[in-house]
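Okay, structure first, notes after.
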Amino acid sequence: MPRISAATIGEHRAQTRERILQAVSRLSRGQGIDAISMTDVAGEAGITRTVLYNYFPDKAALLLAFTERVTHYFIEAYERELADDASPAERLRAFVRLQLAGLLAHPHPGPADLSAALGPDAYQRLAEHVAPMQRILTGIIEGGVASGDFQAVDVPATARLILAVIGAERLPLLDGTVTVEDAEDIVSGFVLRALGAGPEETKQRPRSANQ
């Protein structure tokens with residue numbers, strides 16, 4: 001029986017689960033989520049495969065848990081970064097920036113390849129886990145339309161298009177063609193112009209000296 005270092009079995013299980021998800025996070029930065037094996041994760045977490053399977057029965061379950069964790073961190077970072085009186089354009093830029101940073105921090109294949117790797121059922125569950133981020137984007141657009149800053153006839157369709165534009169920067173980010181800052185300027189400028197934002201909102205933001 002493995003040694004239990006926590007005060008209770010429940011705490012021990014929580015600590016082990018956290019170690020597993022941290023291992024996935026580290027591995028995903030180097031080889032991409034789709035390339036990670038359960039053996040890789042067990043080795044990185046310092047546990048046996050048998051222990052790993054006690055927590056996650058297969059790779060799909062592991063990736064679903066990791067996606068839920070990343071989504072939670074995204075929402076926390078988004079809410080922490082913005083002032084209460086942030087404009088719709090500022091909220092959109094923050095959303096785009098955090099999405100792009102996430103693409104670089106946790107590389108993964110495009111939707112079609114990921115669906116093929118996980119299977120349609122697991123991919124659908126994965127999509128449900130990232131729904132909170134999509135709701136944030138929909139809320140940003142709706143707020144901009146209500147304030148007169150944005151123009152959008154079909155908000156859900158507009159949100160899907162914006163996510164597609166963000167996703168188009170995945171490969172350039174991973175191969176180093178663009179930085180997160182450059183991609184943010186490209187995507188935010190394009191999207192804000194498409195939404196009918198004013199020239200002050202669409203122009204490139206100044207960078208600090210170390211960027």
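How things are named: the first chain in the structure tokens is A, the next is B, and so on; residues count from 1 in each chain; ligands count from 1 in the order shown.
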
- Task: Can you pull out every residue within 12 Å of Ser28 in chain A, counting only C-alpha atoms, but drop anything in the same chain fewer than 5 positions away, and send it as a PyMOL selection string?
- Result: chain A and resi 21-23+33-37+40-41+44+63+66-67+70+102-109

- Grab the CA of Gln15 in chain A to CA of Tyr55 in chain A distance for me, in Å with one decimal place.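 Those two atoms sit 11.6 Å apart.
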
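The nearest approach to Glu76 in chain A among the residues A:Arg29, A:Ala61, A:Met133, A:Met38, with only C-alpha atoms taken into account, belongs to A:Met133.
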
- Query: Excluding same-chain residues fewer than 4 positions from Asp149 in chain A, what lies within 7 Å of it counting only C-alpha atoms, as JSON, numbers by chain?
  - Reply: {"A": [144, 145, 197]}

Would you mind exporting the chosen residues as a PDB file, in the first residue's frame, restricted to C-alpha atoms?
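Dumped to out.pdb:
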```
ATOM      1  CA  GLY A 144     -20.380  45.800 -26.409  1.00  0.00           C
ATOM      2  CA  VAL A 145     -23.533  45.671 -28.514  1.00  0.00           C
ATOM      3  CA  ALA A 197     -15.125  49.450 -32.829  1.00  0.00           C
TER       4      ALA A 197
END
```

Residues within 10 Å of Val130 in chain A, only C-alpha atoms, excluding chain neighbours under 2 positions, as a PDB file with N, CA, C and O atoms, in the first residue's frame:
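Output below, filename selection_24.pdb:
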```
ATOM      1  N   LEU A  64      -9.911  15.585 -19.783  1.00  0.00           N
ATOM      2  CA  LEU A  64     -11.099  16.320 -19.370  1.00  0.00           C
ATOM      3  C   LEU A  64     -10.857  17.034 -18.041  1.00  0.00           C
ATOM      4  O   LEU A  64     -11.226  18.199 -17.869  1.00  0.00           O
ATOM      5  N   THR A  67      -8.476  19.926 -18.666  1.00  0.00           N
ATOM      6  CA  THR A  67      -9.163  21.030 -19.337  1.00  0.00           C
ATOM      7  C   THR A  67     -10.014  21.814 -18.351  1.00  0.00           C
ATOM      8  O   THR A  67     -10.064  23.048 -18.399  1.00  0.00           O
ATOM      9  N   GLU A  68     -10.694  21.111 -17.468  1.00  0.00           N
ATOM     10  CA  GLU A  68     -11.495  21.786 -16.445  1.00  0.00           C
ATOM     11  C   GLU A  68     -10.613  22.668 -15.564  1.00  0.00           C
ATOM     12  O   GLU A  68     -10.982  23.800 -15.219  1.00  0.00           O
ATOM     13  N   VAL A  70      -7.652  24.050 -16.417  1.00  0.00           N
ATOM     14  CA  VAL A  70      -7.178  25.181 -17.210  1.00  0.00           C
ATOM     15  C   VAL A  70      -8.282  26.223 -17.372  1.00  0.00           C
ATOM     16  O   VAL A  70      -8.039  27.426 -17.299  1.00  0.00           O
ATOM     17  N   THR A  71      -9.516  25.748 -17.598  1.00  0.00           N
ATOM     18  CA  THR A  71     -10.647  26.661 -17.730  1.00  0.00           C
ATOM     19  C   THR A  71     -10.846  27.465 -16.455  1.00  0.00           C
ATOM     20  O   THR A  71     -11.087  28.680 -16.493  1.00  0.00           O
ATOM     21  N   HIS A  72     -10.733  26.806 -15.317  1.00  0.00           N
ATOM     22  CA  HIS A  72     -10.877  27.482 -14.024  1.00  0.00           C
ATOM     23  C   HIS A  72      -9.810  28.564 -13.866  1.00  0.00           C
ATOM     24  O   HIS A  72     -10.120  29.690 -13.457  1.00  0.00           O
ATOM     25  N   ARG A 125     -17.596  15.991 -24.556  1.00  0.00           N
ATOM     26  CA  ARG A 125     -17.472  16.320 -23.128  1.00  0.00           C
ATOM     27  C   ARG A 125     -16.405  17.384 -22.923  1.00  0.00           C
ATOM     28  O   ARG A 125     -16.546  18.265 -22.068  1.00  0.00           O
ATOM     29  N   LEU A 126     -15.337  17.307 -23.719  1.00  0.00           N
ATOM     30  CA  LEU A 126     -14.286  18.317 -23.636  1.00  0.00           C
ATOM     31  C   LEU A 126     -14.838  19.687 -24.020  1.00  0.00           C
ATOM     32  O   LEU A 126     -14.547  20.694 -23.363  1.00  0.00           O
ATOM     33  N   ALA A 127     -15.653  19.727 -25.060  1.00  0.00           N
ATOM     34  CA  ALA A 127     -16.250  20.990 -25.493  1.00  0.00           C
ATOM     35  C   ALA A 127     -17.136  21.572 -24.397  1.00  0.00           C
ATOM     36  O   ALA A 127     -17.181  22.789 -24.201  1.00  0.00           O
ATOM     37  N   GLU A 128     -17.835  20.706 -23.678  1.00  0.00           N
ATOM     38  CA  GLU A 128     -18.694  21.179 -22.580  1.00  0.00           C
ATOM     39  C   GLU A 128     -17.870  21.778 -21.451  1.00  0.00           C
ATOM     40  O   GLU A 128     -18.324  22.711 -20.775  1.00  0.00           O
ATOM     41  N   PRO A 132     -17.679  27.508 -20.345  1.00  0.00           N
ATOM     42  CA  PRO A 132     -17.634  28.761 -19.577  1.00  0.00           C
ATOM     43  C   PRO A 132     -16.814  29.857 -20.254  1.00  0.00           C
ATOM     44  O   PRO A 132     -17.172  31.038 -20.180  1.00  0.00           O
ATOM     45  N   MET A 133     -15.726  29.496 -20.933  1.00  0.00           N
ATOM     46  CA  MET A 133     -14.935  30.498 -21.643  1.00  0.00           C
ATOM     47  C   MET A 133     -15.722  31.072 -22.817  1.00  0.00           C
ATOM     48  O   MET A 133     -15.650  32.266 -23.104  1.00  0.00           O
ATOM     49  N   GLN A 134     -16.490  30.225 -23.487  1.00  0.00           N
ATOM     50  CA  GLN A 134     -17.310  30.705 -24.598  1.00  0.00           C
ATOM     51  C   GLN A 134     -18.404  31.645 -24.098  1.00  0.00           C
ATOM     52  O   GLN A 134     -18.748  32.618 -24.764  1.00  0.00           O
ATOM     53  N   ARG A 135     -18.924  31.343 -22.904  1.00  0.00           N
ATOM     54  CA  ARG A 135     -19.944  32.234 -22.337  1.00  0.00           C
ATOM     55  C   ARG A 135     -19.355  33.592 -21.987  1.00  0.00           C
ATOM     56  O   ARG A 135     -20.027  34.622 -22.123  1.00  0.00           O
TER      57      ARG A 135
END
```

- Message: Between A:Ile141, A:Leu82, A:Val153, A:Val165, which residue has the minimum interatomic distance to Phe190 in chain A, considering only C-alpha atoms?
- Response: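 The closest residue to Phe190 in chain A is A:Val165.
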
- Query: Excluding same-chain residues fewer than 5 positions from Leu100 in chain A, what lies within 9 Å of it counting only C-alpha atoms, as a count of residues only?
  - Reply: 11

- Query: Quick one, how far is CA of Ala168 in chain A from CA of Ala65 in chain A?
  - Reply: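 CA of Ala65 in chain A lies at a distance of 24.9 Å from CA of Ala168 in chain A.
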
- Message: From a backbone DSSP assignment, name each residue in chain A labelled helix (DSSP H, G or I), as a ChimeraX atom specification.
- Response: /A:9-31,33-35,38-45,49-55,59-81,88-105,111-118,120-129,131-147,155-167,170-174,180-194,199-202

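Within 10 Å of Ser87 in chain A, once only C-alpha atoms are used and residues closer than 2 positions along the same chain are dropped, the contacting residues are Leu82, Ala83, Asp84, Asp85, Ala89, Glu90, Arg91, Leu92, Arg93, Ile140, Gly143, Gly144, Ser147, Asp149 and Glu201 of chain A.
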
Store the residues picked out above, limited to C-alpha atoms, as an mmCIF file, in the first residue's frame.
```cif
data_model
loop_
_atom_site.group_PDB
_atom_site.id
_atom_site.type_symbol
_atom_site.label_atom_id
_atom_site.label_comp_id
_atom_site.auth_asym_id
_atom_site.auth_seq_id
_atom_site.Cartn_x
_atom_site.Cartn_y
_atom_site.Cartn_z
ATOM 1 C CA LEU A 82 -9.779 43.508 -15.509
ATOM 2 C CA ALA A 83 -11.085 46.501 -13.620
ATOM 3 C CA ASP A 84 -14.828 46.600 -12.967
ATOM 4 C CA ASP A 85 -15.195 49.538 -15.352
ATOM 5 C CA ALA A 89 -12.755 46.479 -26.127
ATOM 6 C CA GLU A 90 -10.479 46.072 -23.087
ATOM 7 C CA ARG A 91 -12.371 42.954 -22.073
ATOM 8 C CA LEU A 92 -12.065 41.531 -25.564
ATOM 9 C CA ARG A 93 -8.323 42.225 -25.691
ATOM 10 C CA ILE A 140 -18.279 40.532 -23.865
ATOM 11 C CA GLY A 143 -22.069 44.025 -23.507
ATOM 12 C CA GLY A 144 -20.380 45.800 -26.409
ATOM 13 C CA SER A 147 -23.243 49.904 -25.035
ATOM 14 C CA ASP A 149 -19.323 49.900 -28.949
ATOM 15 C CA GLU A 201 -9.933 50.908 -29.763
#
```
